[in-house]
$ cat entry22.txt   # compact mmCIF, C-alpha atoms and all ligand atoms
# COMPACT_ATOMS: atom_id res chain seq x y z
CA MET A 1 54.80 13.55 -18.15
CA GLN A 2 53.96 9.94 -18.89
CA THR A 3 51.82 9.73 -22.01
CA VAL A 4 49.27 7.02 -22.72
CA ILE A 5 48.67 6.32 -26.40
CA LEU A 6 45.35 4.55 -27.00
CA ALA A 7 46.00 2.06 -29.79
CA ALA A 8 43.91 -0.99 -28.91
CA GLY A 9 40.87 -0.30 -31.08
CA GLU A 10 39.92 -2.52 -33.99
CA GLY A 11 39.02 0.20 -36.47
CA THR A 12 35.90 -1.53 -37.76
CA ARG A 13 34.80 1.55 -39.72
CA MET A 14 38.05 1.41 -41.61
CA ARG A 15 37.47 -2.11 -42.96
CA PRO A 16 38.63 -3.65 -45.25
CA LEU A 17 41.86 -1.64 -44.81
CA THR A 18 42.18 -2.97 -41.26
CA GLU A 19 41.75 -6.65 -42.22
CA THR A 20 45.49 -7.24 -42.01
CA VAL A 21 46.86 -3.99 -40.55
CA PRO A 22 45.48 -2.55 -37.29
CA LYS A 23 44.21 1.02 -37.68
CA PRO A 24 47.03 2.58 -35.60
CA MET A 25 49.51 1.08 -38.09
CA LEU A 26 47.85 2.31 -41.30
CA PRO A 27 50.23 4.59 -43.19
CA VAL A 28 49.96 8.36 -42.92
CA ALA A 29 52.72 9.98 -45.00
CA ASP A 30 56.02 8.51 -43.75
CA ARG A 31 54.78 7.09 -40.43
CA PRO A 32 52.01 4.85 -39.13
CA LEU A 33 48.93 6.78 -37.98
CA CYS A 34 49.57 6.39 -34.24
CA ALA A 35 53.18 7.53 -34.55
CA HIS A 36 52.06 11.06 -35.35
CA ALA A 37 50.47 11.45 -31.89
CA ALA A 38 53.39 9.63 -30.22
CA ASP A 39 55.98 11.79 -32.00
CA ALA A 40 54.15 14.94 -30.93
CA ALA A 41 54.16 13.70 -27.31
CA VAL A 42 57.89 12.97 -27.45
CA ALA A 43 58.55 16.42 -28.94
CA ALA A 44 56.50 17.95 -26.11
CA GLY A 45 58.75 16.23 -23.55
CA ALA A 46 56.91 13.01 -22.66
CA SER A 47 58.91 11.13 -20.01
CA GLU A 48 57.53 7.73 -21.09
CA LEU A 49 55.10 6.35 -23.65
CA VAL A 50 52.59 3.84 -22.31
CA VAL A 51 51.00 2.26 -25.38
CA VAL A 52 47.71 0.44 -24.93
CA VAL A 53 47.43 -2.38 -27.46
CA GLY A 54 44.71 -4.93 -28.17
CA TYR A 55 43.58 -5.71 -31.73
CA GLU A 56 46.55 -7.03 -33.78
CA ALA A 57 48.68 -6.07 -30.79
CA GLU A 58 51.91 -7.55 -32.12
CA ALA A 59 52.29 -5.08 -35.00
CA VAL A 60 51.82 -2.07 -32.71
CA ARG A 61 54.07 -3.49 -29.99
CA ASN A 62 56.88 -4.24 -32.46
CA PHE A 63 56.69 -0.80 -34.02
CA PHE A 64 57.02 0.98 -30.68
CA SER A 65 59.81 -1.20 -29.36
CA ASP A 66 61.82 -0.83 -32.59
CA GLU A 67 61.18 2.84 -33.21
CA TYR A 68 61.32 4.74 -29.92
CA ARG A 69 64.80 4.46 -28.45
CA ASP A 70 65.17 7.84 -26.73
CA VAL A 71 62.15 7.56 -24.49
CA PRO A 72 61.07 4.60 -22.32
CA VAL A 73 58.17 2.64 -23.80
CA SER A 74 55.80 0.40 -21.83
CA ILE A 75 53.15 -1.75 -23.44
CA ALA A 76 49.82 -2.34 -21.70
CA VAL A 77 47.45 -4.95 -23.07
CA GLN A 78 43.72 -4.31 -23.10
CA GLU A 79 42.23 -7.76 -23.61
CA ASN A 80 38.77 -6.65 -24.73
CA GLN A 81 37.99 -3.24 -26.19
CA ARG A 82 35.53 -2.14 -23.53
CA GLY A 83 36.06 1.60 -23.92
CA THR A 84 38.62 4.34 -23.52
CA ALA A 85 38.49 4.47 -19.68
CA ASP A 86 38.98 0.70 -19.66
CA ALA A 87 42.00 1.20 -21.94
CA VAL A 88 43.58 3.70 -19.53
CA ARG A 89 42.80 1.29 -16.70
CA ALA A 90 44.97 -1.25 -18.49
CA ALA A 91 47.78 1.35 -18.45
CA ARG A 92 47.24 2.28 -14.79
CA PRO A 93 49.88 -0.09 -13.29
CA HIS A 94 52.50 1.88 -15.26
CA LEU A 95 51.30 5.35 -14.19
CA GLU A 96 52.56 7.18 -11.16
CA GLY A 97 51.73 10.89 -11.40
CA PRO A 98 50.01 13.35 -13.70
CA PHE A 99 49.62 11.81 -17.15
CA VAL A 100 48.59 12.65 -20.68
CA VAL A 101 46.23 10.54 -22.80
CA LEU A 102 46.19 10.82 -26.60
CA ASN A 103 43.98 8.91 -29.02
CA GLY A 104 46.29 6.95 -31.27
CA ASP A 105 43.98 7.56 -34.22
CA ASN A 106 43.86 11.34 -33.92
CA VAL A 107 46.19 13.71 -35.71
CA TYR A 108 47.30 16.82 -33.85
CA GLU A 109 49.60 19.73 -34.52
CA PRO A 110 52.75 19.09 -32.43
CA ALA A 111 52.55 22.64 -31.01
CA ALA A 112 49.05 21.90 -29.72
CA VAL A 113 50.28 18.83 -27.83
CA GLU A 114 53.03 20.95 -26.32
CA ALA A 115 50.43 23.53 -25.25
CA LEU A 116 48.40 20.70 -23.63
CA PHE A 117 51.44 19.58 -21.61
CA GLU A 118 52.07 23.16 -20.48
CA ALA A 119 48.47 23.86 -19.50
CA ALA A 120 47.96 20.62 -17.49
CA PRO A 121 45.46 19.72 -16.15
CA ALA A 122 43.88 20.40 -19.52
CA ILE A 123 41.69 19.10 -22.36
CA ALA A 124 42.15 19.78 -26.06
CA ALA A 125 39.10 21.21 -27.80
CA ILE A 126 38.32 22.44 -31.27
CA ALA A 127 35.58 24.76 -32.51
CA VAL A 128 33.26 22.87 -34.90
CA ASP A 129 30.12 23.76 -36.90
CA ASP A 130 28.23 20.63 -35.81
CA PRO A 131 28.95 20.17 -32.07
CA GLY A 132 25.96 17.83 -31.71
CA ASN A 133 28.05 15.09 -33.35
CA TYR A 134 30.81 15.28 -30.72
CA GLY A 135 31.52 15.32 -27.01
CA VAL A 136 30.99 19.01 -26.20
CA LEU A 137 32.73 21.05 -23.51
CA SER A 138 31.14 23.82 -21.51
CA THR A 139 33.42 26.44 -19.98
CA THR A 140 33.25 29.44 -17.66
CA SER A 141 32.24 32.66 -19.44
CA ALA A 142 35.91 33.70 -19.50
CA GLY A 143 36.62 30.40 -21.28
CA ASP A 144 39.47 29.57 -18.92
CA ARG A 145 38.02 26.53 -17.14
CA VAL A 146 36.11 23.50 -18.32
CA THR A 147 32.87 23.12 -16.38
CA GLY A 148 31.23 20.18 -18.12
CA ILE A 149 31.39 17.61 -20.89
CA VAL A 150 28.39 16.06 -22.60
CA GLU A 151 28.24 13.43 -25.39
CA LYS A 152 26.47 14.35 -28.64
CA PRO A 153 23.99 16.76 -27.02
CA ASP A 154 20.74 17.87 -28.72
CA ASP A 155 21.34 21.33 -27.33
CA PRO A 156 25.14 21.88 -27.31
CA PRO A 157 26.39 24.25 -24.59
CA SER A 158 29.19 25.49 -26.89
CA ASN A 159 30.80 24.75 -30.25
CA LEU A 160 33.89 23.27 -28.53
CA ALA A 161 34.32 19.58 -29.41
CA ASN A 162 36.40 17.25 -27.28
CA ALA A 163 39.53 16.50 -29.35
CA GLY A 164 40.56 13.32 -27.52
CA ALA A 165 43.72 14.70 -25.85
CA TYR A 166 43.86 15.07 -22.08
CA ALA A 167 46.43 16.06 -19.46
CA PHE A 168 45.11 14.51 -16.25
CA PRO A 169 46.23 15.31 -12.70
CA GLU A 170 47.53 12.39 -10.63
CA GLY A 171 44.22 12.19 -8.75
CA ALA A 172 42.44 11.08 -11.93
CA LEU A 173 44.00 7.63 -11.52
CA GLU A 174 41.36 7.11 -8.84
CA TYR A 175 38.50 8.15 -11.11
CA LEU A 176 39.13 5.51 -13.76
CA ASP A 177 36.70 3.00 -12.29
CA VAL A 178 33.64 4.56 -13.87
CA GLY A 179 30.44 2.62 -14.52
CA GLU A 180 29.29 1.39 -17.91
CA SER A 181 27.79 4.03 -20.19
CA GLU A 182 24.49 3.67 -22.06
CA ARG A 183 26.31 2.19 -25.04
CA GLY A 184 27.94 -0.39 -22.78
CA GLU A 185 31.48 1.06 -22.67
CA TYR A 186 33.70 2.55 -19.98
CA GLU A 187 34.22 6.08 -21.23
CA LEU A 188 37.10 8.45 -20.60
CA THR A 189 34.67 11.36 -20.79
CA ASP A 190 33.14 10.08 -17.51
CA VAL A 191 36.62 10.25 -15.98
CA VAL A 192 36.93 13.82 -17.32
CA ALA A 193 33.56 14.69 -15.74
CA ARG A 194 34.83 13.58 -12.34
CA THR A 195 38.16 15.37 -12.83
CA ILE A 196 36.61 18.75 -13.62
CA GLU A 197 34.51 18.57 -10.45
CA ALA A 198 37.65 18.14 -8.36
CA THR A 199 40.27 20.24 -10.17
CA VAL A 200 40.64 23.29 -12.39
CA VAL A 201 40.92 21.91 -15.95
CA THR A 202 41.88 24.31 -18.73
CA PRO A 203 40.63 24.04 -22.31
CA VAL A 204 43.41 24.14 -24.91
CA THR A 205 41.95 25.22 -28.21
CA LEU A 206 43.29 23.59 -31.35
CA SER A 207 43.21 25.17 -34.79
CA ARG A 208 43.53 21.87 -36.64
CA TRP A 209 42.67 18.30 -35.69
CA LEU A 210 41.57 15.09 -37.35
CA ASP A 211 39.85 12.05 -35.91
CA VAL A 212 40.67 9.22 -38.31
CA GLY A 213 37.83 6.72 -38.22
CA ARG A 214 36.78 6.19 -41.85
CA PRO A 215 38.78 5.71 -45.04
CA TRP A 216 38.34 9.24 -46.37
CA GLU A 217 39.63 10.57 -43.04
CA LEU A 218 42.79 8.53 -43.61
CA LEU A 219 43.04 10.23 -47.00
CA ALA A 220 42.68 13.61 -45.25
CA ALA A 221 45.37 12.69 -42.70
CA ASN A 222 47.70 11.84 -45.57
CA GLU A 223 46.93 15.13 -47.30
CA TRP A 224 47.84 16.97 -44.12
CA LYS A 225 51.04 15.12 -43.22
CA ILE A 226 52.41 14.64 -46.77
CA ALA A 227 52.14 18.41 -47.27
CA GLU A 228 54.37 18.92 -44.21
CA LEU A 229 57.22 16.72 -45.48
CA GLU A 230 60.38 18.43 -46.66
CA GLY A 231 61.41 17.31 -50.13
CA ARG A 232 64.45 15.04 -50.37
CA ILE A 233 65.81 12.60 -52.93
CA ASP A 234 67.56 9.55 -51.47
CA GLY A 235 66.55 7.05 -54.17
CA ASP A 236 67.54 6.60 -57.82
CA VAL A 237 65.98 9.16 -60.13
CA ALA A 238 66.52 8.78 -63.90
CA ALA A 239 67.62 11.76 -65.95
CA GLY A 240 64.57 13.31 -67.51
CA ALA A 241 62.19 12.56 -64.64
CA GLU A 242 60.60 15.75 -63.28
CA LEU A 243 60.11 16.10 -59.53
CA GLY A 244 58.43 19.02 -57.76
CA GLU A 245 59.98 20.65 -54.68
CA SER A 246 57.95 18.85 -52.00
CA VAL A 247 58.70 15.34 -53.15
CA VAL A 248 60.36 12.66 -51.02
CA ILE A 249 62.01 9.75 -52.80
CA GLU A 250 63.26 7.34 -50.14
CA ALA A 251 66.46 5.32 -50.40
CA GLY A 252 65.93 2.18 -52.46
CA ALA A 253 63.09 3.70 -54.52
CA THR A 254 63.47 4.03 -58.30
CA ILE A 255 62.02 6.73 -60.51
CA GLU A 256 62.32 5.84 -64.21
CA PRO A 257 62.53 8.11 -67.27
CA GLY A 258 59.54 10.19 -68.26
CA VAL A 259 57.99 10.24 -64.75
CA VAL A 260 56.44 13.48 -63.47
CA VAL A 261 55.82 13.83 -59.72
CA GLU A 262 54.19 17.17 -58.93
CA GLY A 263 54.06 16.67 -55.18
CA PRO A 264 53.61 16.94 -52.38
CA ALA A 265 54.30 13.22 -52.58
CA ILE A 266 56.32 10.46 -51.00
CA VAL A 267 57.67 7.38 -52.75
CA ARG A 268 58.79 4.93 -50.09
CA SER A 269 61.70 2.52 -50.11
CA ASP A 270 61.84 -0.21 -52.76
CA ALA A 271 58.98 1.30 -54.75
CA GLU A 272 59.34 1.64 -58.51
CA VAL A 273 57.61 4.36 -60.51
CA GLY A 274 57.55 4.57 -64.30
CA PRO A 275 58.55 4.81 -66.97
CA ASN A 276 56.14 7.58 -68.01
CA ALA A 277 53.94 7.73 -64.91
CA TYR A 278 52.28 10.86 -63.50
CA LEU A 279 51.81 11.38 -59.74
CA ARG A 280 49.95 14.46 -58.54
CA GLY A 281 48.20 15.70 -55.42
CA ALA A 282 49.14 14.37 -51.98
CA THR A 283 50.17 10.88 -53.00
CA LEU A 284 51.81 8.13 -50.97
CA VAL A 285 53.41 5.28 -52.89
CA GLY A 286 54.18 2.69 -50.21
CA GLU A 287 57.12 0.35 -49.73
CA GLY A 288 57.68 -2.02 -52.63
CA CYS A 289 54.82 -0.65 -54.77
CA HIS A 290 54.99 -0.56 -58.55
CA VAL A 291 53.35 2.23 -60.53
CA GLY A 292 54.07 1.56 -64.19
CA HIS A 293 53.85 2.93 -67.70
CA ALA A 294 51.14 5.48 -68.48
CA VAL A 295 49.59 5.35 -65.02
CA GLU A 296 48.24 8.52 -63.38
CA VAL A 297 47.82 8.54 -59.63
CA LYS A 298 46.18 11.56 -58.05
CA ASN A 299 45.84 12.28 -54.33
CA SER A 300 45.88 8.66 -53.27
CA VAL A 301 47.39 6.19 -50.84
CA LEU A 302 48.98 3.03 -52.22
CA MET A 303 49.91 0.78 -49.32
CA ALA A 304 52.92 -1.52 -49.25
CA GLY A 305 53.33 -3.99 -52.10
CA THR A 306 50.49 -2.59 -54.25
CA ASN A 307 50.87 -2.63 -58.05
CA VAL A 308 49.24 -0.48 -60.71
CA PRO A 309 51.48 -1.52 -63.57
CA HIS A 310 49.91 -0.31 -66.84
CA LEU A 311 47.59 2.30 -68.39
CA SER A 312 45.44 3.14 -65.35
CA TYR A 313 43.96 6.13 -63.55
CA VAL A 314 43.69 6.12 -59.75
CA GLY A 315 42.19 9.23 -58.15
CA ASP A 316 41.43 10.05 -54.48
CA SER A 317 41.63 6.38 -53.54
CA LEU A 318 43.06 4.07 -50.90
CA LEU A 319 44.57 0.82 -52.18
CA GLY A 320 46.11 -1.98 -50.33
CA PRO A 321 48.31 -3.43 -49.11
CA GLY A 322 49.12 -5.98 -51.82
CA VAL A 323 46.49 -4.82 -54.31
CA ASN A 324 46.93 -5.44 -58.05
CA PHE A 325 45.11 -3.39 -60.66
CA GLY A 326 45.01 -5.08 -64.08
CA ALA A 327 46.07 -3.09 -67.15
CA GLY A 328 43.63 -0.35 -68.02
CA THR A 329 41.78 -0.33 -64.67
CA GLN A 330 40.12 3.08 -64.31
CA VAL A 331 38.81 4.71 -61.15
CA ALA A 332 36.00 7.27 -61.42
CA ASN A 333 36.30 9.86 -58.67
CA LEU A 334 33.53 12.30 -59.60
CA ARG A 335 29.79 11.69 -59.94
CA HIS A 336 27.98 13.03 -63.01
CA ASP A 337 25.71 15.09 -60.75
CA GLY A 338 28.71 16.52 -58.88
CA ALA A 339 27.22 15.48 -55.52
CA ASP A 340 29.42 14.33 -52.65
CA VAL A 341 30.49 10.72 -53.08
CA ARG A 342 28.93 8.22 -50.67
CA GLN A 343 30.46 5.08 -49.23
CA THR A 344 29.05 2.19 -47.23
CA VAL A 345 30.55 1.99 -43.75
CA LYS A 346 29.43 -0.90 -41.53
CA GLY A 347 26.33 -1.39 -43.67
CA GLU A 348 25.29 2.26 -43.74
CA ARG A 349 25.50 4.62 -46.73
CA VAL A 350 27.31 7.78 -45.61
CA SER A 351 28.42 10.90 -47.37
CA THR A 352 32.17 11.28 -47.48
CA GLY A 353 31.76 15.05 -47.75
CA ARG A 354 34.00 14.87 -50.84
CA ARG A 355 33.04 15.70 -54.42
CA LYS A 356 36.16 13.92 -55.56
CA TYR A 357 36.53 10.47 -54.05
CA GLY A 358 37.52 7.23 -55.70
CA VAL A 359 37.63 3.71 -54.30
CA VAL A 360 38.87 1.66 -51.38
CA ALA A 361 40.53 -1.65 -52.26
CA GLY A 362 41.14 -4.09 -49.42
CA PRO A 363 44.31 -6.11 -48.96
CA GLY A 364 45.10 -8.38 -51.91
CA ALA A 365 42.20 -7.23 -54.13
CA LYS A 366 42.79 -7.79 -57.86
CA THR A 367 41.05 -6.23 -60.82
CA GLY A 368 40.89 -7.77 -64.30
CA ILE A 369 42.07 -5.71 -67.26
CA ASN A 370 39.93 -2.74 -68.24
CA THR A 371 37.88 -2.78 -65.02
CA SER A 372 35.94 0.45 -64.38
CA LEU A 373 35.34 1.30 -60.74
CA ALA A 374 32.61 3.79 -59.75
CA PRO A 375 33.15 6.48 -57.08
CA GLY A 376 32.83 5.20 -53.50
CA VAL A 377 33.12 1.51 -54.40
CA VAL A 378 34.76 -0.71 -51.79
CA LEU A 379 36.52 -3.91 -52.88
CA SER A 380 36.84 -6.30 -49.97
CA ALA A 381 40.08 -8.07 -49.06
CA GLY A 382 40.97 -10.53 -51.80
CA ALA A 383 38.11 -9.42 -54.11
CA ARG A 384 38.39 -10.14 -57.85
CA THR A 385 36.83 -8.43 -60.87
CA ASP A 386 36.49 -9.86 -64.38
CA PRO A 387 38.17 -8.32 -67.40
CA GLY A 388 36.13 -5.42 -68.76
CA GLU A 389 33.81 -5.28 -65.76
CA SER A 390 32.10 -2.10 -64.69
CA VAL A 391 31.83 -2.19 -60.90
CA SER A 392 29.35 0.15 -59.24
CA ARG A 393 28.56 -1.87 -56.12
CA ASP A 394 30.81 -3.00 -53.30
CA ARG A 395 32.08 -6.54 -53.48
P1 LIG B 401 37.22 4.47 -31.49
O1 LIG B 401 37.47 5.27 -32.74
O2 LIG B 401 35.98 4.70 -30.72
O3 LIG B 401 37.31 2.92 -31.84
P2 LIG B 401 38.16 2.15 -32.89
O4 LIG B 401 39.49 2.78 -33.08
O5 LIG B 401 38.18 0.70 -32.51
O6 LIG B 401 37.39 2.30 -34.30
P3 LIG B 401 35.96 1.73 -34.77
O7 LIG B 401 34.92 2.48 -34.01
O8 LIG B 401 35.96 2.08 -36.23
O9 LIG B 401 35.92 0.25 -34.56
O10 LIG B 401 38.46 4.65 -30.48
C1 LIG B 401 39.03 5.87 -30.12
C2 LIG B 401 40.45 5.64 -29.68
O11 LIG B 401 40.54 4.84 -28.51
C3 LIG B 401 41.28 4.93 -30.69
O12 LIG B 401 42.57 5.50 -30.61
C4 LIG B 401 41.27 3.49 -30.23
C5 LIG B 401 41.20 3.63 -28.75
N1 LIG B 401 40.45 2.60 -28.03
C6 LIG B 401 41.13 1.73 -27.19
O13 LIG B 401 42.36 1.78 -27.09
N2 LIG B 401 40.40 0.81 -26.47
C7 LIG B 401 39.05 0.73 -26.55
O14 LIG B 401 38.44 -0.09 -25.86
C8 LIG B 401 38.36 1.63 -27.46
C9 LIG B 401 36.86 1.58 -27.59
C10 LIG B 401 39.10 2.54 -28.15
$ encode --input "entry22.txt" --output "structure tokens"
Amino acid sequence: MQTVILAAGEGTRMRPLTETVPKPMLPVADRPLCAHAADAAVAAGASELVVVVGYEAEAVRNFFSDEYRDVPVSIAVQENQRGTADAVRAARPHLEGPFVVLNGDNVYEPAAVEALFEAAPAIAAIAVDDPGNYGVLSTTSAGDRVTGIVEKPDDPPSNLANAGAYAFPEGALEYLDVGESERGEYELTDVVARTIEATVVTPVTLSRWLDVGRPWELLAANEWKIAELEGRIDGDVAAGAELGESVVIEAGATIEPGVVVEGPAIVRSDAEVGPNAYLRGATLVGEGCHVGHAVEVKNSVLMAGTNVPHLSYVGDSLLGPGVNFGAGTQVANLRHDGADVRQTVKGERVSTGRRKYGVVAGPGAKTGINTSLAPGVVLSAGARTDPGESVSRDR
């Protein structure tokens, strides 16, 4: 089946990480975020990928044309991000039968995507504790047919949340011209509503799923996908370095003496770690990064070209790309009261749901030596801190 990957969104909730890299291209383990959905579709037998691009389209377009050689790839441009139905409308000239739609910022288990293909027409759903925050499906009492879909209901008809993966029948191509929703977008859920009136649509229940909208969800996606990597050493590892079993050292990476990598972790090409550095938890050290002497990095994502060269602690944080932490920069990732760490997203303070959560540093941010960063702080792209500063507010 042809598979549409929605990758045109701007990812405003992910700022400043999306200032230079579109959300679909943010790193998750060894692949960009959107590649995880695309890879699952290819493994499930997709006959063609139709990738809808918009914001920072070039990066997404180049990745797909370079990376997917065994399956045809078409690129559809959505000029303005007017909603998910509008995005599939942009793909419509390429579609000619039943088709699958996957959100390019959702992470699925590959087996679940395969089950979706097999059950078509179908919608992926996941049982959640707080259905009122999602699109919610209602089903027949036997649970074998979707009978309705309602956005963020006050009185949810079930605990089954819409997981943003759909296998549409060919007829749905005619339902794409929906009207504008209350929030002024053209919504795919309205297309689903019309489809379930006309056709039997089966719910496919997922056991694991992630919608990556905010920085800590990117951290969670990395935790998931780094843990699934099989350990391999293709780079240079000095005698005396200690690597756990689930550690990937890519070709061109260097691990110097005295380094301990507990894993699961991935050190990407051209990165340099050590001497005497300690990596633990699900940690991604991106291409060309430098993690130097006496630096501890725990459960964090360091994007390409980021440097933490001396005497620092980085815990549960997202840095980069191109960030530089001055010597002795320390990240606090736990509040004294043990409460969940909060972060400001688009001007609103929100709980991350994490007791342990560090900082987000936008592209090119630089800290002066001995900077202390409080939990949940966001440094904007290109931000600077003075030597010895204690930073407890975003800048
Ligand atoms: P959203 O998460 O609603 O939007 P976004 O990715 O732009 O993020 P933010 O809200 O933080 O700005 O989008 C869900 C999926 O649909 C995602 O994969 C992006 C894609 N999308 C499009 O391709 N076109 C669109 O017009 C919209 C709204 C989303």
$ atom_distance --input "entry22.txt" --atom1 "CA of Leu373 in chain A" --atom2 "CA of Leu279 in chain A"
19.3 Å
$ residues_around --input "entry22.txt" --residues "Glu10 in chain A" --least-positions-apart "3" --cutoff "12 Å" --atoms "all atoms listed in the file" --output "PDB file with C-alpha atoms, keeping the file's coordinate frame"
ATOM      1  CA  LEU A   6      45.350   4.550 -27.000  1.00  0.00           C
ATOM      2  CA  ALA A   7      46.000   2.060 -29.790  1.00  0.00           C
ATOM      3  CA  ARG A  13      34.800   1.550 -39.720  1.00  0.00           C
ATOM      4  CA  MET A  14      38.050   1.410 -41.610  1.00  0.00           C
ATOM      5  CA  ARG A  15      37.470  -2.110 -42.960  1.00  0.00           C
ATOM      6  CA  PRO A  16      38.630  -3.650 -45.250  1.00  0.00           C
ATOM      7  CA  LEU A  17      41.860  -1.640 -44.810  1.00  0.00           C
ATOM      8  CA  THR A  18      42.180  -2.970 -41.260  1.00  0.00           C
ATOM      9  CA  GLU A  19      41.750  -6.650 -42.220  1.00  0.00           C
ATOM     10  CA  THR A  20      45.490  -7.240 -42.010  1.00  0.00           C
ATOM     11  CA  VAL A  21      46.860  -3.990 -40.550  1.00  0.00           C
ATOM     12  CA  PRO A  22      45.480  -2.550 -37.290  1.00  0.00           C
ATOM     13  CA  LYS A  23      44.210   1.020 -37.680  1.00  0.00           C
ATOM     14  CA  PRO A  24      47.030   2.580 -35.600  1.00  0.00           C
ATOM     15  CA  MET A  25      49.510   1.080 -38.090  1.00  0.00           C
ATOM     16  CA  LEU A  26      47.850   2.310 -41.300  1.00  0.00           C
ATOM     17  CA  VAL A  53      47.430  -2.380 -27.460  1.00  0.00           C
ATOM     18  CA  GLY A  54      44.710  -4.930 -28.170  1.00  0.00           C
ATOM     19  CA  TYR A  55      43.580  -5.710 -31.730  1.00  0.00           C
ATOM     20  CA  GLU A  56      46.550  -7.030 -33.780  1.00  0.00           C
ATOM     21  CA  ALA A  57      48.680  -6.070 -30.790  1.00  0.00           C
ATOM     22  CA  VAL A  60      51.820  -2.070 -32.710  1.00  0.00           C
ATOM     23  CA  GLN A  78      43.720  -4.310 -23.100  1.00  0.00           C
ATOM     24  CA  GLU A  79      42.230  -7.760 -23.610  1.00  0.00           C
ATOM     25  CA  ASN A  80      38.770  -6.650 -24.730  1.00  0.00           C
ATOM     26  CA  GLN A  81      37.990  -3.240 -26.190  1.00  0.00           C
ATOM     27  CA  ARG A  82      35.530  -2.140 -23.530  1.00  0.00           C
ATOM     28  CA  GLY A  83      36.060   1.600 -23.920  1.00  0.00           C
ATOM     29  CA  GLY A 104      46.290   6.950 -31.270  1.00  0.00           C
ATOM     30  CA  ASP A 105      43.980   7.560 -34.220  1.00  0.00           C
ATOM     31  CA  GLY A 213      37.830   6.720 -38.220  1.00  0.00           C
TER      32      GLY A 213
END
$ atom_distance --input "entry22.txt" --atom1 "CA of Ala76 in chain A" --atom2 "CA of Glu109 in chain A"
25.5 Å
$ residues_near_point --input "entry22.txt" --point "(43.7, -1.3, -17.5)" --cutoff "10 Å" --atoms "only C-alpha atoms" --output "MDAnalysis selection string"
chainID A and resid 52 76:79 84:94 176:177
$ residues_near_point --input "entry22.txt" --point "(54.5, 0.6, -24.3)" --cutoff "8 Å" --atoms "all atoms listed in the file" --output "list in words"
Leu49, Val50, Val51, Val52, Arg61, Phe64, Ser65, Pro72, Val73, Ser74, Ile75 and Ala76 of chain A
$ atom_distance --input "entry22.txt" --atom1 "CA of Ala277 in chain A" --atom2 "CA of Val291 in chain A"
7.1 Å
$ closest_residue --input "entry22.txt" --among "A:Val192, A:Ala112, A:Val345, A:Gly288" --to "ligand LIG 401 (chain B)" --atoms "all atoms listed in the file"
A:Val345
$ residues_around --input "entry22.txt" --residues "Val260 in chain A" --least-positions-apart "2" --cutoff "12 Å" --atoms "all atoms listed in the file" --output "VMD selection string"
chain A and resid 237 to 245 247 255 to 258 262 to 265 273 to 281 293 to 298
$ closest_residue --input "entry22.txt" --among "A:Ala111, A:Ala374, A:Val212, A:Val191" --to "ligand LIG 401 (chain B)" --atoms "all atoms listed in the file"
A:Val212
$ closest_residue --input "entry22.txt" --among "A:Leu229, A:Ala163, A:Ala120, A:Leu137" --to "ligand LIG 401 (chain B)" --atoms "only C-alpha atoms and all ligand atoms"
A:Ala163
